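start_20.pdb follows (PDB, C-alpha atoms):
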```pdb
ATOM      1  CA  ILE P   1      24.942   5.443  -6.061
ATOM      2  CA  ALA P   2      22.744   8.515  -5.567
ATOM      3  CA  ALA P   3      22.392   9.018  -9.322
ATOM      4  CA  THR P   4      21.879   5.350 -10.249
ATOM      5  CA  PRO P   5      18.552   3.484 -10.042
ATOM      6  CA  VAL P   6      18.835   0.698  -7.472
ATOM      7  CA  ALA P   7      18.435  -2.124 -10.027
ATOM      8  CA  GLN P   8      21.220  -0.695 -12.182
ATOM      9  CA  ILE P   9      23.621  -0.664  -9.241
ATOM     10  CA  LEU P  10      23.637  -4.462  -9.431
ATOM     11  CA  ASP P  11      24.826  -4.210 -13.048
ATOM     12  CA  ASP P  12      28.004  -2.419 -11.945
ATOM     13  CA  PRO P  13      30.361  -4.608  -9.854
ATOM     14  CA  ASP P  14      32.225  -1.608  -8.400
ATOM     15  CA  LEU P  15      29.031   0.178  -7.335
ATOM     16  CA  THR P  16      27.659  -3.082  -5.936
ATOM     17  CA  THR P  17      30.769  -3.579  -3.804
ATOM     18  CA  ILE P  18      30.614  -0.026  -2.449
ATOM     19  CA  ALA P  19      26.837  -0.157  -1.861
ATOM     20  CA  THR P  20      27.081  -3.534  -0.124
ATOM     21  CA  ALA P  21      29.793  -2.296   2.232
ATOM     22  CA  GLY P  22      27.800   0.820   3.122
ATOM     23  CA  GLY P  23      24.602  -1.179   3.390
ATOM     24  CA  ARG P  24      26.192  -3.583   5.866
ATOM     25  CA  VAL P  25      26.881  -0.684   8.253
ATOM     26  CA  ILE P  26      23.433   0.867   7.703
ATOM     27  CA  PHE P  27      21.813  -2.520   8.332
ATOM     28  CA  ALA P  28      23.814  -3.091  11.531
ATOM     29  CA  ASN P  29      22.835   0.332  12.871
ATOM     30  CA  ASN P  30      19.160   0.318  11.869
ATOM     31  CA  CYS P  31      17.822  -3.100  10.881
ATOM     32  CA  ALA P  32      19.722  -5.662  12.970
ATOM     33  CA  PRO P  33      17.802  -4.941  16.206
ATOM     34  CA  CYS P  34      14.741  -6.554  14.586
ATOM     35  CA  HIS P  35      16.125  -8.723  11.780
ATOM     36  CA  GLY P  36      19.193  -9.954  13.662
ATOM     37  CA  THR P  37      22.861  -9.734  12.832
ATOM     38  CA  ALA P  38      23.395 -10.453   9.136
ATOM     39  CA  GLY P  39      19.618 -10.775   8.640
ATOM     40  CA  VAL P  40      19.120 -14.131  10.365
ATOM     41  CA  GLY P  41      15.798 -13.010  11.859
ATOM     42  CA  ARG P  42      14.557 -13.054  15.418
ATOM     43  CA  PRO P  43      11.817 -14.947  17.233
ATOM     44  CA  GLY P  44       8.462 -13.265  17.551
ATOM     45  CA  GLY P  45       7.799 -12.255  13.974
ATOM     46  CA  PHE P  46      11.009 -10.659  12.713
ATOM     47  CA  PRO P  47      11.643 -12.429   9.413
ATOM     48  CA  THR P  48      14.937 -13.839   8.293
ATOM     49  CA  LEU P  49      16.326 -12.129   5.217
ATOM     50  CA  VAL P  50      18.773 -14.866   4.230
ATOM     51  CA  ASP P  51      16.273 -17.365   2.856
ATOM     52  CA  ASP P  52      14.348 -17.219  -0.403
ATOM     53  CA  ASP P  53      10.927 -16.715   1.168
ATOM     54  CA  TRP P  54       9.791 -13.153   0.500
ATOM     55  CA  ILE P  55       6.249 -12.159   1.432
ATOM     56  CA  TRP P  56       6.421  -9.019  -0.754
ATOM     57  CA  GLY P  57       9.011 -10.279  -3.263
ATOM     58  CA  GLY P  58      12.800 -10.510  -3.186
ATOM     59  CA  SER P  59      13.730  -8.530  -6.277
ATOM     60  CA  ILE P  60      15.980  -5.547  -5.634
ATOM     61  CA  ASN P  61      13.107  -3.182  -6.460
ATOM     62  CA  ALA P  62      10.732  -5.010  -4.089
ATOM     63  CA  ILE P  63      13.294  -4.907  -1.265
ATOM     64  CA  TYR P  64      13.970  -1.214  -1.915
ATOM     65  CA  THR P  65      10.227  -0.437  -1.790
ATOM     66  CA  THR P  66       9.764  -2.377   1.436
ATOM     67  CA  ILE P  67      12.643  -0.575   3.131
ATOM     68  CA  GLN P  68      11.542   2.804   1.813
ATOM     69  CA  HIS P  69       7.863   2.586   2.807
ATOM     70  CA  GLY P  70       7.730  -0.187   5.420
ATOM     71  CA  ILE P  71       4.867  -2.510   6.241
ATOM     72  CA  ARG P  72       1.591  -1.706   8.016
ATOM     73  CA  ASN P  73       2.919   1.468   9.609
ATOM     74  CA  THR P  74       0.787   4.543  10.153
ATOM     75  CA  THR P  75       3.390   7.066   9.019
ATOM     76  CA  ASP P  76       3.576   6.293   5.300
ATOM     77  CA  ALA P  77       0.572   6.294   3.000
ATOM     78  CA  GLU P  78       2.502   4.007   0.627
ATOM     79  CA  ALA P  79       3.363   1.386   3.258
ATOM     80  CA  ARG P  80       2.728  -2.167   2.167
ATOM     81  CA  ILE P  81      -0.556  -3.278   3.674
ATOM     82  CA  SER P  82      -1.908  -6.754   4.237
ATOM     83  CA  GLN P  83      -4.587  -7.588   6.728
ATOM     84  CA  MET P  84      -5.451 -11.122   7.762
ATOM     85  CA  PRO P  85      -8.964 -11.331   9.186
ATOM     86  CA  VAL P  86      -9.477 -12.212  12.838
ATOM     87  CA  PHE P  87     -11.044 -15.592  12.135
ATOM     88  CA  GLY P  88     -11.692 -16.096  15.852
ATOM     89  CA  GLU P  89     -14.580 -13.663  15.357
ATOM     90  CA  ILE P  90     -15.806 -15.432  12.209
ATOM     91  CA  LEU P  91     -15.254 -19.177  12.628
ATOM     92  CA  LYS P  92     -15.801 -21.675  15.428
ATOM     93  CA  ARG P  93     -12.882 -23.190  17.333
ATOM     94  CA  ASP P  94     -13.268 -26.605  15.711
ATOM     95  CA  GLU P  95     -13.295 -24.966  12.250
ATOM     96  CA  ILE P  96     -10.091 -23.085  13.033
ATOM     97  CA  SER P  97      -8.531 -26.319  14.294
ATOM     98  CA  ALA P  98      -9.499 -28.059  11.036
ATOM     99  CA  ILE P  99      -8.009 -25.244   8.942
ATOM    100  CA  ALA P 100      -4.808 -25.435  11.008
ATOM    101  CA  ASP P 101      -4.566 -29.171  10.259
ATOM    102  CA  HIS P 102      -4.946 -28.440   6.550
ATOM    103  CA  VAL P 103      -2.425 -25.583   6.611
ATOM    104  CA  LEU P 104       0.127 -27.748   8.413
ATOM    105  CA  SER P 105      -0.414 -30.536   5.878
ATOM    106  CA  LEU P 106       0.432 -28.137   3.043
ATOM    107  CA  SER P 107       4.048 -28.121   4.241
ATOM    108  CA  GLY P 108       4.183 -31.776   5.268
ATOM    109  CA  HIS P 109       3.495 -31.183   8.971
ATOM    110  CA  GLY P 110       0.783 -33.781   9.467
ATOM    111  CA  ALA P 111      -2.235 -35.326   7.851
ATOM    112  CA  ASP P 112      -4.718 -33.287   5.870
ATOM    113  CA  ASN P 113      -8.205 -32.558   7.125
ATOM    114  CA  ALA P 114     -10.977 -32.634   4.501
ATOM    115  CA  ALA P 115     -13.191 -30.234   6.451
ATOM    116  CA  GLY P 116     -10.194 -27.939   6.916
ATOM    117  CA  ALA P 117      -9.416 -28.057   3.189
ATOM    118  CA  LYS P 118     -12.985 -26.967   2.418
ATOM    119  CA  LEU P 119     -12.881 -24.192   5.025
ATOM    120  CA  PHE P 120      -9.491 -23.085   3.659
ATOM    121  CA  ALA P 121     -10.925 -22.938   0.132
ATOM    122  CA  ASP P 122     -13.876 -20.885   1.381
ATOM    123  CA  ASN P 123     -11.957 -18.481   3.648
ATOM    124  CA  CYS P 124      -8.214 -18.471   2.996
ATOM    125  CA  ALA P 125      -7.600 -19.294  -0.662
ATOM    126  CA  VAL P 126      -8.694 -15.830  -1.773
ATOM    127  CA  CYS P 127      -5.392 -14.486  -0.398
ATOM    128  CA  HIS P 128      -3.111 -17.500   0.023
ATOM    129  CA  GLY P 129      -4.151 -19.182  -3.231
ATOM    130  CA  GLU P 130      -5.920 -22.454  -3.902
ATOM    131  CA  PHE P 131      -2.814 -24.474  -3.030
ATOM    132  CA  GLY P 132      -1.531 -22.147  -0.283
ATOM    133  CA  LYS P 133       1.413 -20.812  -2.321
ATOM    134  CA  GLY P 134       0.738 -17.218  -1.200
ATOM    135  CA  ASN P 135       0.312 -13.989  -3.127
ATOM    136  CA  ARG P 136       3.051 -11.363  -3.046
ATOM    137  CA  ASP P 137       0.741  -8.680  -4.403
ATOM    138  CA  LEU P 138      -1.364  -9.067  -1.256
ATOM    139  CA  GLY P 139       1.433  -9.834   1.195
ATOM    140  CA  ALA P 140      -0.066 -13.279   1.812
ATOM    141  CA  PRO P 141       2.700 -15.732   2.764
ATOM    142  CA  ASN P 142       3.408 -19.076   1.156
ATOM    143  CA  LEU P 143       2.036 -21.771   3.471
ATOM    144  CA  THR P 144       3.619 -24.714   1.660
ATOM    145  CA  ASP P 145       7.268 -24.194   2.560
ATOM    146  CA  GLN P 146       9.045 -24.912   5.828
ATOM    147  CA  ILE P 147       9.307 -21.229   6.781
ATOM    148  CA  TRP P 148       7.028 -20.050   9.575
ATOM    149  CA  LEU P 149       7.187 -16.507  10.915
ATOM    150  CA  TYR P 150       5.260 -17.231  14.119
ATOM    151  CA  GLY P 151       5.923 -20.947  14.594
ATOM    152  CA  ASP P 152       5.022 -24.267  12.988
ATOM    153  CA  SER P 153       3.209 -25.965  15.875
ATOM    154  CA  LYS P 154      -0.519 -26.476  15.647
ATOM    155  CA  ALA P 155      -0.994 -24.124  18.601
ATOM    156  CA  ALA P 156       0.972 -21.397  16.788
ATOM    157  CA  VAL P 157      -1.023 -21.823  13.575
ATOM    158  CA  VAL P 158      -4.330 -21.852  15.483
ATOM    159  CA  ALA P 159      -3.256 -18.660  17.296
ATOM    160  CA  GLN P 160      -2.384 -16.938  14.016
ATOM    161  CA  ILE P 161      -5.706 -17.909  12.433
ATOM    162  CA  THR P 162      -7.714 -16.998  15.537
ATOM    163  CA  ASN P 163      -6.175 -13.606  16.293
ATOM    164  CA  PRO P 164      -3.398 -12.920  13.781
ATOM    165  CA  ARG P 165      -0.329 -10.918  14.598
ATOM    166  CA  GLN P 166      -0.004  -8.040  12.174
ATOM    167  CA  GLY P 167       3.705  -7.186  12.137
ATOM    168  CA  VAL P 168       4.806  -3.620  11.466
ATOM    169  CA  MET P 169       7.966  -2.307   9.839
ATOM    170  CA  PRO P 170       8.722   1.408   9.893
ATOM    171  CA  ALA P 171       9.167   3.457   6.761
ATOM    172  CA  TRP P 172      12.836   4.348   6.449
ATOM    173  CA  HIS P 173      12.537   7.261   4.036
ATOM    174  CA  GLY P 174      12.860  10.387   6.114
ATOM    175  CA  ARG P 175      15.083   8.493   8.556
ATOM    176  CA  LEU P 176      17.595   7.381   5.935
ATOM    177  CA  SER P 177      18.541   9.150   2.726
ATOM    178  CA  ASP P 178      17.587   7.585  -0.595
ATOM    179  CA  THR P 179      21.234   6.640  -1.113
ATOM    180  CA  GLU P 180      21.296   4.881   2.278
ATOM    181  CA  ILE P 181      18.066   3.050   1.441
ATOM    182  CA  LYS P 182      19.606   1.871  -1.848
ATOM    183  CA  GLN P 183      22.697   0.659   0.013
ATOM    184  CA  ALA P 184      20.593  -1.177   2.600
ATOM    185  CA  ALA P 185      18.550  -2.779  -0.186
ATOM    186  CA  ILE P 186      21.692  -3.895  -2.018
ATOM    187  CA  TYR P 187      23.077  -5.380   1.206
ATOM    188  CA  VAL P 188      19.839  -7.216   2.040
ATOM    189  CA  HIS P 189      19.665  -8.501  -1.534
ATOM    190  CA  SER P 190      23.245  -9.788  -1.167
ATOM    191  CA  LEU P 191      22.418 -11.875   1.906
ATOM    192  CA  GLY P 192      21.455 -14.730  -0.386
ATOM    193  CA  GLY P 193      17.698 -14.614  -0.431
ATOM    194  CA  GLY P 194      17.307 -11.857  -3.002
ATOM    195  CA  GLU P 195      15.958 -12.785  -6.400
TER
END
```
With the file now loaded, output its structure as structure tokens.
Amino acid sequence: IAATPVAQILDDPDLTTIATAGGRVIFANNCAPCHGTAGVGRPGGFPTLVDDDWIWGGSINAIYTTIQHGIRNTTDAEARISQMPVFGEILKRDEISAIADHVLSLSGHGADNAAGAKLFADNCAVCHGEFGKGNRDLGAPNLTDQIWLYGDSKAAVVAQITNPRQGVMPAWHGRLSDTEIKQAAIYVHSLGGGE
């Protein structure tokens, strides 16, 4: 495992079995407090790892990179960084409410709002895309599926637009060896959501 690139481990059934078993233990000891047992996620912004919704991509290499460097932490210069603006300082309350209506409509949670669609195009589409499908290169989530990190109520969407939560994941290199990071990545990939 130490000598094999992480993507090539998946090409070898014996290495995959060994890496998955080791990764399960590493995950339970290091990742489960935030991501839940077996990667089912936890309320409050700890994403599930068993679905196919990956903000930064679900390929084995993308998962490995995320575990290695983390997200929005201050300890790793290569951490994945995305920064949603605090629209509560930019837009009026009624504009944020209109955008929330539009965002909810993208996933079938209510009627669209024409003013919200225009405001979305002017303020949000640059990261989330014209149709709200997200952009993995920027860490902008897909807004059209039924997967909501901070809740799918209008109040939750308004809160995220107004003063967004900016979740942080630690970098695991330095805490875990490269071999352990590979094993954790293989295990997470095996949970069913990996691409």
Taken to one decimal, the atom CA of Leu106 of chain P-atom CA of Gly132 of chain P distance is 7.1 Å
Spatial neighbours of Gly129 of chain P, 10 Å, all atoms listed in the file, chain gap at least 2 places, as JSON, numbers by chain
{"P": [120, 121, 124, 125, 126, 127, 131, 132, 133, 134, 135, 140, 141, 142, 143]}
Option closest in space to Val103 of chain P, from P:Ser82, P:Ser177, P:Gln146, P:Thr48 [counting all atoms listed in the file]
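Smallest distance to Val103 of chain P is found for P:Gln146.
For the pair atom CA of Pro164 of chain P and atom CA of Arg136 of chain P, the interatomic distance is 18.1 Å.
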Any idea what's packed within 10 Å of segment 76-81 of chain P, counting all atoms listed in the file, ignoring anything in its chain fewer than 3 positions away? Could you give it as a ChimeraX atom specification?
/P:56,65-73,137-139,166,168-173
Given the file shown, determine the residues that the PyMOL selection byres ((chain P and resi 9-19) around 12) selects; report them as a ChimeraX atom specification.
/P:1-8,20-27,59-61,179-190,194-195
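The smallest atom-to-atom distance between Ile147 of chain P and any of P:Gly58, P:Tyr64, P:Gly88, P:His109, using all atoms listed in the file, is found for P:His109.
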Between atom CA of Ile96 of chain P and atom CA of Thr162 of chain P, what is the distance in Å, rounded to a tenth?
7.0 Å
Write out as a PyMOL selection string each polymer residue whose atoms come within 7 Å of His35 of chain P, counting all atoms listed in the file; drop sequence neighbours fewer than 3 positions from it.
chain P and resi 31-32+39-42+46-48
Please provide as JSON, numbers by chain all residues within 8 Å of Asp101 of chain P, with the sequence filter that same-chain residues fewer than 3 positions apart are discarded (counting all atoms listed in the file).
{"P": [97, 98, 104, 105, 110, 111, 112, 113, 116, 154]}
Quick one: of P:His102, P:Lys118, P:Lys92, P:His128, who's nearest to Ile55 of chain P, counting only C-alpha atoms?
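The closest residue to Ile55 of chain P is P:His128.
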My list of candidates is P:Ala28, P:Trp54, P:Phe87, P:Ala62. Which is closest to Asn163 of chain P when distances are computed with all atoms listed in the file?
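Ranked by minimum distance to Asn163 of chain P, first place goes to P:Phe87.
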Since the input lacks some atoms of segment 23-42 of chain P, please model N, CA, C and O atoms and print them as a compact mmCIF listing (two decimals), in the coordinates of the input.
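Contents of out28.txt, as written:
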```
# COMPACT_ATOMS: atom_id res chain seq x y z
N GLY P 23 25.86 -0.58 2.94
CA GLY P 23 24.60 -1.18 3.39
C GLY P 23 24.78 -2.06 4.61
O GLY P 23 23.90 -2.11 5.48
N ARG P 24 25.92 -2.74 4.70
CA ARG P 24 26.19 -3.58 5.87
C ARG P 24 26.21 -2.74 7.15
O ARG P 24 25.63 -3.12 8.16
N VAL P 25 26.82 -1.58 7.09
CA VAL P 25 26.88 -0.68 8.25
C VAL P 25 25.50 -0.11 8.56
O VAL P 25 25.06 -0.08 9.72
N ILE P 26 24.79 0.32 7.52
CA ILE P 26 23.43 0.87 7.70
C ILE P 26 22.52 -0.19 8.31
O ILE P 26 21.75 0.08 9.24
N PHE P 27 22.62 -1.42 7.81
CA PHE P 27 21.81 -2.52 8.33
C PHE P 27 22.13 -2.76 9.81
O PHE P 27 21.23 -2.88 10.64
N ALA P 28 23.41 -2.83 10.14
CA ALA P 28 23.81 -3.09 11.53
C ALA P 28 23.29 -2.01 12.47
O ALA P 28 22.86 -2.31 13.59
N ASN P 29 23.26 -0.78 12.02
CA ASN P 29 22.84 0.33 12.87
C ASN P 29 21.32 0.52 12.93
O ASN P 29 20.83 1.14 13.88
N ASN P 30 20.59 0.02 11.94
CA ASN P 30 19.16 0.32 11.87
C ASN P 30 18.25 -0.91 11.80
O ASN P 30 17.14 -0.87 12.33
N CYS P 31 18.70 -1.96 11.17
CA CYS P 31 17.82 -3.10 10.88
C CYS P 31 18.08 -4.31 11.77
O CYS P 31 17.17 -5.08 12.06
N ALA P 32 19.34 -4.49 12.19
CA ALA P 32 19.72 -5.66 12.97
C ALA P 32 18.96 -5.81 14.29
O ALA P 32 18.71 -6.94 14.71
N PRO P 33 18.55 -4.73 14.96
CA PRO P 33 17.80 -4.94 16.21
C PRO P 33 16.54 -5.80 16.01
O PRO P 33 16.17 -6.54 16.92
N CYS P 34 15.92 -5.73 14.86
CA CYS P 34 14.74 -6.55 14.59
C CYS P 34 15.08 -7.80 13.77
O CYS P 34 14.63 -8.90 14.08
N HIS P 35 15.85 -7.63 12.71
CA HIS P 35 16.12 -8.72 11.78
C HIS P 35 17.35 -9.54 12.15
O HIS P 35 17.67 -10.51 11.46
N GLY P 36 18.04 -9.19 13.22
CA GLY P 36 19.19 -9.95 13.66
C GLY P 36 20.45 -9.62 12.88
O GLY P 36 20.40 -9.08 11.77
N THR P 37 21.58 -9.95 13.48
CA THR P 37 22.86 -9.73 12.83
C THR P 37 22.89 -10.51 11.53
O THR P 37 22.51 -11.67 11.47
N ALA P 38 23.30 -9.85 10.47
CA ALA P 38 23.40 -10.45 9.14
C ALA P 38 22.05 -10.97 8.62
O ALA P 38 22.00 -11.82 7.76
N GLY P 39 20.94 -10.45 9.17
CA GLY P 39 19.62 -10.78 8.64
C GLY P 39 19.10 -12.16 8.95
O GLY P 39 18.24 -12.67 8.23
N VAL P 40 19.55 -12.77 10.04
CA VAL P 40 19.12 -14.13 10.36
C VAL P 40 17.74 -14.19 11.02
O VAL P 40 17.23 -15.26 11.30
N GLY P 41 17.13 -13.05 11.26
CA GLY P 41 15.80 -13.01 11.86
C GLY P 41 15.84 -13.15 13.37
O GLY P 41 16.88 -13.43 13.95
N ARG P 42 14.67 -12.93 13.97
CA ARG P 42 14.56 -13.05 15.42
C ARG P 42 13.20 -13.64 15.74
O ARG P 42 12.22 -13.40 15.03
```
